[in-house]
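Colleague: Could you have a look at this structure, given as structure tokens, before my questions?
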Amino acid sequence: MSKLSTKPYILRALYEWALDSGYTPHIVAWVNDKTQVPLQYVRDNEIVLNIGAVAAHNLNIDNEWVSFAARFNGISHDIWIPVGHIISLFARETGEGMGFELEPLTDEKASISTSEETFDTENSSEKNPAAETNQSGGKKGLKIVK
């Protein structure tokens with residue numbers, strides 16, 4: 001029996017927590033040729049997406065993919081993101097949430113580990129649109145889950 005990843009289960013739980021708290025859930029996803037998103041909104045191979053009920057239609061977070069339909073400037077797009085490409089899920093209103101290790105989907109379905117990072121939503125201009133250091137010198141906001 002192969003080992004199931006905890007990541008999709010945690011994504012679903014964080015999504016429910018955000019909705020139950022009255023927050024708007026957002027994800028940060030790493031983008032490559034296996035990811036279907038509107039490329040004009042990608043910065044440094046990452047995209048931030050609102051996955052709240054109003055913005056993301058027919059949202060499905062299964063064990064392999066996050067998929068939904070969303071409008072960008074009035075144009076509907078089908079979004080498909082491998083679960084391994086989700087690098088954080090957070091509440092827009094508070095920045096609370098969790099960061100995850102990148103697990104790129106490749107033709108061979110091989111997992112490649114990257115260095116651990118922590119995410120927050122305050123600084124969207126850097127390579128990690130969500131990284132910020134707090135006063136104590138550590139990262140503020142989200143924790144990495146492998």
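Convention: chains lettered A, B, ... in structure tokens order; per-chain residue numbering from 1; ligands numbered from 1 as shown.
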Find the spatial neighbours of Asp78 (chain A), counting only C-alpha atoms, within a cut-off of 10 Å - ignore same-chain residues fewer than 5 positions away - and output them as a list in words.

Modeller: Gln36, Val37, Pro38, Ala56, His57, Asn58, Ser67, Phe68, Ala69, Ala70 and Arg71 of chain A

Colleague: Just the number, please: distance in Å from CA of Ala53 (chain A) to CA of Pro104 (chain A), one decimal.

Modeller: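 If I compute the distance from CA of Ala53 (chain A) to CA of Pro104 (chain A), I get 26.7 Å.
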
Colleague: Using only C-alpha atoms, pick whichever of A:Asp62, A:Glu103, A:Asp44, A:Glu16 has the shortest atom-to-atom distance to Ile86 (chain A).

Modeller: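 That would be A:Glu103, the residue with the smallest distance to Ile86 (chain A).
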
Colleague: Of the candidates A:Ile81, A:Leu59, A:Ile51, A:Leu11, which one gets nearest to Ala29 (chain A) if we count only C-alpha atoms?

Modeller: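 That would be A:Ile81, the residue with the smallest distance to Ala29 (chain A).
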
Colleague: Between A:Glu64, A:Glu93, A:Asn45, A:Met98, single out the one closest to Gly22 (chain A), counting only C-alpha atoms.

Modeller: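 Distance minimum relative to Gly22 (chain A) lands on A:Glu93.
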
Colleague: Rank nothing, just name the residue among A:Ile79, A:Leu19, A:Leu39, A:Val28 nearest to Glu101 (chain A), using only C-alpha atoms.

Modeller: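 Once distances to Glu101 (chain A) are computed over only C-alpha atoms, the minimum belongs to A:Val28.
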
Colleague: Which value, in Å to one decimal, gives the distance between CA of Ala55 (chain A) and CA of Thr6 (chain A)?

Modeller: 25.6 Å
